[in-house]
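query_8.cif follows (mmCIF, C-alpha atoms):
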data_final
#
loop_
_atom_site.label_atom_id
_atom_site.label_comp_id
_atom_site.auth_asym_id
_atom_site.auth_seq_id
_atom_site.Cartn_x
_atom_site.Cartn_y
_atom_site.Cartn_z
CA MET A 10 8.23 -13.10 -2.33
CA THR A 11 9.50 -9.56 -2.89
CA ASN A 12 10.51 -7.29 -0.08
CA ILE A 13 7.45 -5.13 0.48
CA GLN A 14 9.31 -2.86 2.86
CA GLU A 15 11.10 -1.08 0.01
CA THR A 16 8.63 1.74 -0.59
CA ALA A 17 5.49 0.99 1.37
CA ASN A 18 4.36 3.00 4.36
CA PRO A 19 6.45 2.07 7.44
CA ASP A 20 3.31 1.98 9.63
CA ILE A 21 1.72 -0.68 7.46
CA GLN A 22 4.96 -2.67 7.57
CA GLU A 23 4.81 -2.72 11.37
CA LYS A 24 1.19 -3.81 11.24
CA ILE A 25 2.07 -6.61 8.80
CA GLN A 26 4.81 -7.85 11.12
CA GLU A 27 2.39 -7.79 14.07
CA GLU A 28 -0.23 -9.70 12.10
CA VAL A 29 2.34 -12.30 10.98
CA GLU A 30 3.38 -12.88 14.58
CA GLN A 31 -0.27 -13.07 15.65
CA ALA A 32 -1.06 -15.54 12.86
CA ARG A 33 1.80 -17.79 13.93
CA VAL A 34 0.59 -17.76 17.53
CA VAL A 35 -3.02 -18.46 16.53
CA CYS A 36 -1.95 -21.32 14.25
CA ASP A 37 0.28 -22.81 16.95
CA ILE A 38 -2.65 -22.79 19.39
CA THR A 39 -5.53 -23.78 17.10
CA GLY A 40 -3.70 -25.85 14.49
CA SER A 41 -2.70 -25.00 10.95
CA GLY A 42 -5.97 -26.29 9.47
CA SER A 43 -8.28 -24.33 11.77
CA PRO A 44 -10.60 -21.56 10.57
CA GLU A 45 -8.95 -19.20 13.07
CA CYS A 46 -5.54 -19.86 11.53
CA ALA A 47 -6.88 -19.26 8.02
CA ALA A 48 -8.53 -16.01 9.11
CA ALA A 49 -5.31 -14.81 10.72
CA TRP A 50 -3.34 -15.41 7.50
CA ASP A 51 -6.12 -13.74 5.48
CA ALA A 52 -5.58 -10.60 7.58
CA VAL A 53 -1.86 -10.73 6.74
CA GLU A 54 -2.62 -11.09 3.03
CA GLU A 55 -5.01 -8.13 3.09
CA LEU A 56 -2.38 -5.91 4.66
CA GLN A 57 0.23 -7.06 2.15
CA ALA A 58 -2.17 -6.25 -0.69
CA GLU A 59 -2.71 -2.77 0.75
CA ALA A 60 1.06 -2.24 1.00
CA SER A 61 1.40 -3.29 -2.63
CA HIS A 62 -1.35 -0.89 -3.64
CA GLN A 63 0.36 1.97 -1.81
CA ARG A 64 3.64 1.24 -3.61
CA GLN A 65 1.91 1.38 -6.99
CA GLN A 66 0.50 4.84 -6.45
CA LYS A 67 2.94 7.31 -7.96
CA PRO A 68 3.45 10.61 -6.18
CA LYS A 69 2.65 13.66 -8.27
CA ASN A 70 5.52 15.49 -9.90
CA SER A 71 5.98 19.24 -9.53
CA LEU A 72 4.10 20.06 -12.76
CA GLU A 73 1.10 17.95 -11.70
CA LYS A 74 1.03 19.69 -8.31
CA TYR A 75 1.31 23.10 -10.00
CA CYS A 76 -1.53 22.28 -12.41
CA ASP A 77 -3.73 21.08 -9.56
CA ALA A 78 -3.28 24.47 -7.94
CA ASN A 79 -3.36 26.47 -11.21
CA PRO A 80 -5.54 24.66 -13.76
CA GLU A 81 -5.94 27.82 -15.87
CA ALA A 82 -2.16 28.19 -16.48
CA ASP A 83 -0.91 27.82 -20.06
CA GLU A 84 1.34 24.94 -19.01
CA CYS A 85 -1.69 23.01 -17.79
CA ARG A 86 -3.89 23.19 -20.87
CA LEU A 87 -5.12 19.87 -22.19
CA TYR A 88 -5.66 19.47 -25.91
CA GLU A 89 -7.95 16.88 -27.41
CA ASP A 90 -6.95 15.12 -30.62
#
Any chance you could give the structure as structure tokens?
Amino acid sequence: MTNIQETANPDIQEKIQEEVEQARVVCDITGSGSPECAAAWDAVEELQAEASHQRQQKPKNSLEKYCDANPEADECRLYED
């Protein structure tokens, strides 16, 4: 598994850690084959998927930000083939 803490939001990383700990506790109490245990690990997987999604979103560069604010500028014209 890759380290998802590299570029994902630190808040989501804390939440993932909390959910992992909670899942371990739930599974220790209810057993590893219980529906509660499975649901707890599903919550962890959902948060990990969200962290992955956040990492994949590229921040806009300075030209993209400029064009968002000034779509009529010459630098921002789009030409169709």
On this file, the PyMOL selection byres ((chain A and resi 54) around 12) gives some set of residues; write that set as a ChimeraX atom specification. /A:13,24-26,28-29,32,47-53,55-61
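Distance check against Asp20 of chain A using only C-alpha atoms: of A:Asp77, A:Arg33, A:Gln63, A:Thr39, the minimum falls on A:Gln63.
Relative to atom CA of Ile21 of chain A, atom CA of Cys46 of chain A is found at 20.9 Å.
The interatomic distance for the pair atom CA of Asp83 of chain A and atom CA of Pro68 of chain A works out to 22.5 Å.
As for atom CA of Glu89 of chain A and atom CA of Lys67 of chain A, they are spaced 24.3 Å apart.
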Can you sort out segment 35-69 of chain A so it carries N, CA and C atoms, written as a PDB file, in the coordinates of the input?
ATOM      1  N   VAL A  35      -1.679 -17.880  16.682  1.00  0.00           N
ATOM      2  CA  VAL A  35      -3.020 -18.460  16.530  1.00  0.00           C
ATOM      3  C   VAL A  35      -2.914 -19.859  15.929  1.00  0.00           C
ATOM      4  N   CYS A  36      -2.075 -20.015  14.910  1.00  0.00           N
ATOM      5  CA  CYS A  36      -1.950 -21.320  14.250  1.00  0.00           C
ATOM      6  C   CYS A  36      -1.277 -22.350  15.160  1.00  0.00           C
ATOM      7  N   ASP A  37      -0.339 -21.894  15.985  1.00  0.00           N
ATOM      8  CA  ASP A  37       0.280 -22.810  16.950  1.00  0.00           C
ATOM      9  C   ASP A  37      -0.743 -23.312  17.970  1.00  0.00           C
ATOM     10  N   ILE A  38      -1.653 -22.437  18.370  1.00  0.00           N
ATOM     11  CA  ILE A  38      -2.650 -22.790  19.390  1.00  0.00           C
ATOM     12  C   ILE A  38      -3.789 -23.608  18.795  1.00  0.00           C
ATOM     13  N   THR A  39      -4.325 -23.157  17.650  1.00  0.00           N
ATOM     14  CA  THR A  39      -5.530 -23.780  17.100  1.00  0.00           C
ATOM     15  C   THR A  39      -5.257 -24.829  16.038  1.00  0.00           C
ATOM     16  N   GLY A  40      -4.035 -24.894  15.547  1.00  0.00           N
ATOM     17  CA  GLY A  40      -3.700 -25.850  14.490  1.00  0.00           C
ATOM     18  C   GLY A  40      -3.705 -25.180  13.136  1.00  0.00           C
ATOM     19  N   SER A  41      -2.857 -25.656  12.253  1.00  0.00           N
ATOM     20  CA  SER A  41      -2.700 -25.000  10.950  1.00  0.00           C
ATOM     21  C   SER A  41      -3.907 -25.158  10.040  1.00  0.00           C
ATOM     22  N   GLY A  42      -4.785 -26.094  10.304  1.00  0.00           N
ATOM     23  CA  GLY A  42      -5.970 -26.290   9.470  1.00  0.00           C
ATOM     24  C   GLY A  42      -7.212 -25.639  10.030  1.00  0.00           C
ATOM     25  N   SER A  43      -7.089 -24.910  11.127  1.00  0.00           N
ATOM     26  CA  SER A  43      -8.280 -24.330  11.770  1.00  0.00           C
ATOM     27  C   SER A  43      -8.766 -23.079  11.040  1.00  0.00           C
ATOM     28  N   PRO A  44     -10.062 -22.785  11.169  1.00  0.00           N
ATOM     29  CA  PRO A  44     -10.600 -21.560  10.570  1.00  0.00           C
ATOM     30  C   PRO A  44      -9.949 -20.301  11.150  1.00  0.00           C
ATOM     31  N   GLU A  45      -9.592 -20.352  12.429  1.00  0.00           N
ATOM     32  CA  GLU A  45      -8.950 -19.200  13.070  1.00  0.00           C
ATOM     33  C   GLU A  45      -7.583 -18.921  12.440  1.00  0.00           C
ATOM     34  N   CYS A  46      -6.854 -19.993  12.158  1.00  0.00           N
ATOM     35  CA  CYS A  46      -5.540 -19.860  11.530  1.00  0.00           C
ATOM     36  C   CYS A  46      -5.697 -19.267  10.125  1.00  0.00           C
ATOM     37  N   ALA A  47      -6.640 -19.772   9.371  1.00  0.00           N
ATOM     38  CA  ALA A  47      -6.880 -19.260   8.020  1.00  0.00           C
ATOM     39  C   ALA A  47      -7.264 -17.790   8.050  1.00  0.00           C
ATOM     40  N   ALA A  48      -8.104 -17.408   8.993  1.00  0.00           N
ATOM     41  CA  ALA A  48      -8.530 -16.010   9.110  1.00  0.00           C
ATOM     42  C   ALA A  48      -7.356 -15.108   9.467  1.00  0.00           C
ATOM     43  N   ALA A  49      -6.480 -15.600  10.329  1.00  0.00           N
ATOM     44  CA  ALA A  49      -5.310 -14.810  10.720  1.00  0.00           C
ATOM     45  C   ALA A  49      -4.407 -14.552   9.518  1.00  0.00           C
ATOM     46  N   TRP A  50      -4.190 -15.586   8.689  1.00  0.00           N
ATOM     47  CA  TRP A  50      -3.340 -15.410   7.500  1.00  0.00           C
ATOM     48  C   TRP A  50      -4.048 -14.568   6.439  1.00  0.00           C
ATOM     49  N   ASP A  51      -5.383 -14.618   6.392  1.00  0.00           N
ATOM     50  CA  ASP A  51      -6.120 -13.740   5.480  1.00  0.00           C
ATOM     51  C   ASP A  51      -5.884 -12.275   5.834  1.00  0.00           C
ATOM     52  N   ALA A  52      -5.843 -11.974   7.131  1.00  0.00           N
ATOM     53  CA  ALA A  52      -5.580 -10.600   7.580  1.00  0.00           C
ATOM     54  C   ALA A  52      -4.193 -10.153   7.125  1.00  0.00           C
ATOM     55  N   VAL A  53      -3.222 -11.051   7.201  1.00  0.00           N
ATOM     56  CA  VAL A  53      -1.860 -10.730   6.740  1.00  0.00           C
ATOM     57  C   VAL A  53      -1.885 -10.435   5.236  1.00  0.00           C
ATOM     58  N   GLU A  54      -2.564 -11.273   4.473  1.00  0.00           N
ATOM     59  CA  GLU A  54      -2.620 -11.090   3.030  1.00  0.00           C
ATOM     60  C   GLU A  54      -3.295  -9.773   2.638  1.00  0.00           C
ATOM     61  N   GLU A  55      -4.336  -9.394   3.381  1.00  0.00           N
ATOM     62  CA  GLU A  55      -5.010  -8.130   3.090  1.00  0.00           C
ATOM     63  C   GLU A  55      -4.082  -6.948   3.318  1.00  0.00           C
ATOM     64  N   LEU A  56      -3.321  -6.989   4.398  1.00  0.00           N
ATOM     65  CA  LEU A  56      -2.380  -5.910   4.660  1.00  0.00           C
ATOM     66  C   LEU A  56      -1.266  -5.866   3.613  1.00  0.00           C
ATOM     67  N   GLN A  57      -0.801  -7.020   3.188  1.00  0.00           N
ATOM     68  CA  GLN A  57       0.230  -7.060   2.150  1.00  0.00           C
ATOM     69  C   GLN A  57      -0.308  -6.506   0.832  1.00  0.00           C
ATOM     70  N   ALA A  58      -1.560  -6.796   0.528  1.00  0.00           N
ATOM     71  CA  ALA A  58      -2.170  -6.250  -0.690  1.00  0.00           C
ATOM     72  C   ALA A  58      -2.274  -4.730  -0.599  1.00  0.00           C
ATOM     73  N   GLU A  59      -2.625  -4.221   0.559  1.00  0.00           N
ATOM     74  CA  GLU A  59      -2.710  -2.770   0.750  1.00  0.00           C
ATOM     75  C   GLU A  59      -1.328  -2.131   0.595  1.00  0.00           C
ATOM     76  N   ALA A  60      -0.304  -2.760   1.150  1.00  0.00           N
ATOM     77  CA  ALA A  60       1.060  -2.240   1.000  1.00  0.00           C
ATOM     78  C   ALA A  60       1.460  -2.210  -0.473  1.00  0.00           C
ATOM     79  N   SER A  61       1.105  -3.237  -1.201  1.00  0.00           N
ATOM     80  CA  SER A  61       1.400  -3.290  -2.630  1.00  0.00           C
ATOM     81  C   SER A  61       0.676  -2.171  -3.371  1.00  0.00           C
ATOM     82  N   HIS A  62      -0.564  -1.953  -3.015  1.00  0.00           N
ATOM     83  CA  HIS A  62      -1.350  -0.890  -3.640  1.00  0.00           C
ATOM     84  C   HIS A  62      -0.724   0.472  -3.373  1.00  0.00           C
ATOM     85  N   GLN A  63      -0.267   0.692  -2.150  1.00  0.00           N
ATOM     86  CA  GLN A  63       0.360   1.970  -1.810  1.00  0.00           C
ATOM     87  C   GLN A  63       1.642   2.186  -2.604  1.00  0.00           C
ATOM     88  N   ARG A  64       2.403   1.117  -2.844  1.00  0.00           N
ATOM     89  CA  ARG A  64       3.640   1.240  -3.610  1.00  0.00           C
ATOM     90  C   ARG A  64       3.361   1.608  -5.059  1.00  0.00           C
ATOM     91  N   GLN A  65       2.235   1.146  -5.590  1.00  0.00           N
ATOM     92  CA  GLN A  65       1.910   1.380  -6.990  1.00  0.00           C
ATOM     93  C   GLN A  65       1.430   2.791  -7.272  1.00  0.00           C
ATOM     94  N   GLN A  66       0.975   3.481  -6.257  1.00  0.00           N
ATOM     95  CA  GLN A  66       0.500   4.840  -6.450  1.00  0.00           C
ATOM     96  C   GLN A  66       1.708   5.764  -6.574  1.00  0.00           C
ATOM     97  N   LYS A  67       1.822   6.408  -7.716  1.00  0.00           N
ATOM     98  CA  LYS A  67       2.940   7.310  -7.960  1.00  0.00           C
ATOM     99  C   LYS A  67       2.654   8.667  -7.323  1.00  0.00           C
ATOM    100  N   PRO A  68       3.647   9.233  -6.678  1.00  0.00           N
ATOM    101  CA  PRO A  68       3.450  10.610  -6.180  1.00  0.00           C
ATOM    102  C   PRO A  68       3.426  11.578  -7.364  1.00  0.00           C
ATOM    103  N   LYS A  69       2.735  12.678  -7.199  1.00  0.00           N
ATOM    104  CA  LYS A  69       2.650  13.660  -8.270  1.00  0.00           C
ATOM    105  C   LYS A  69       3.975  14.392  -8.412  1.00  0.00           C
TER     106      LYS A  69
END
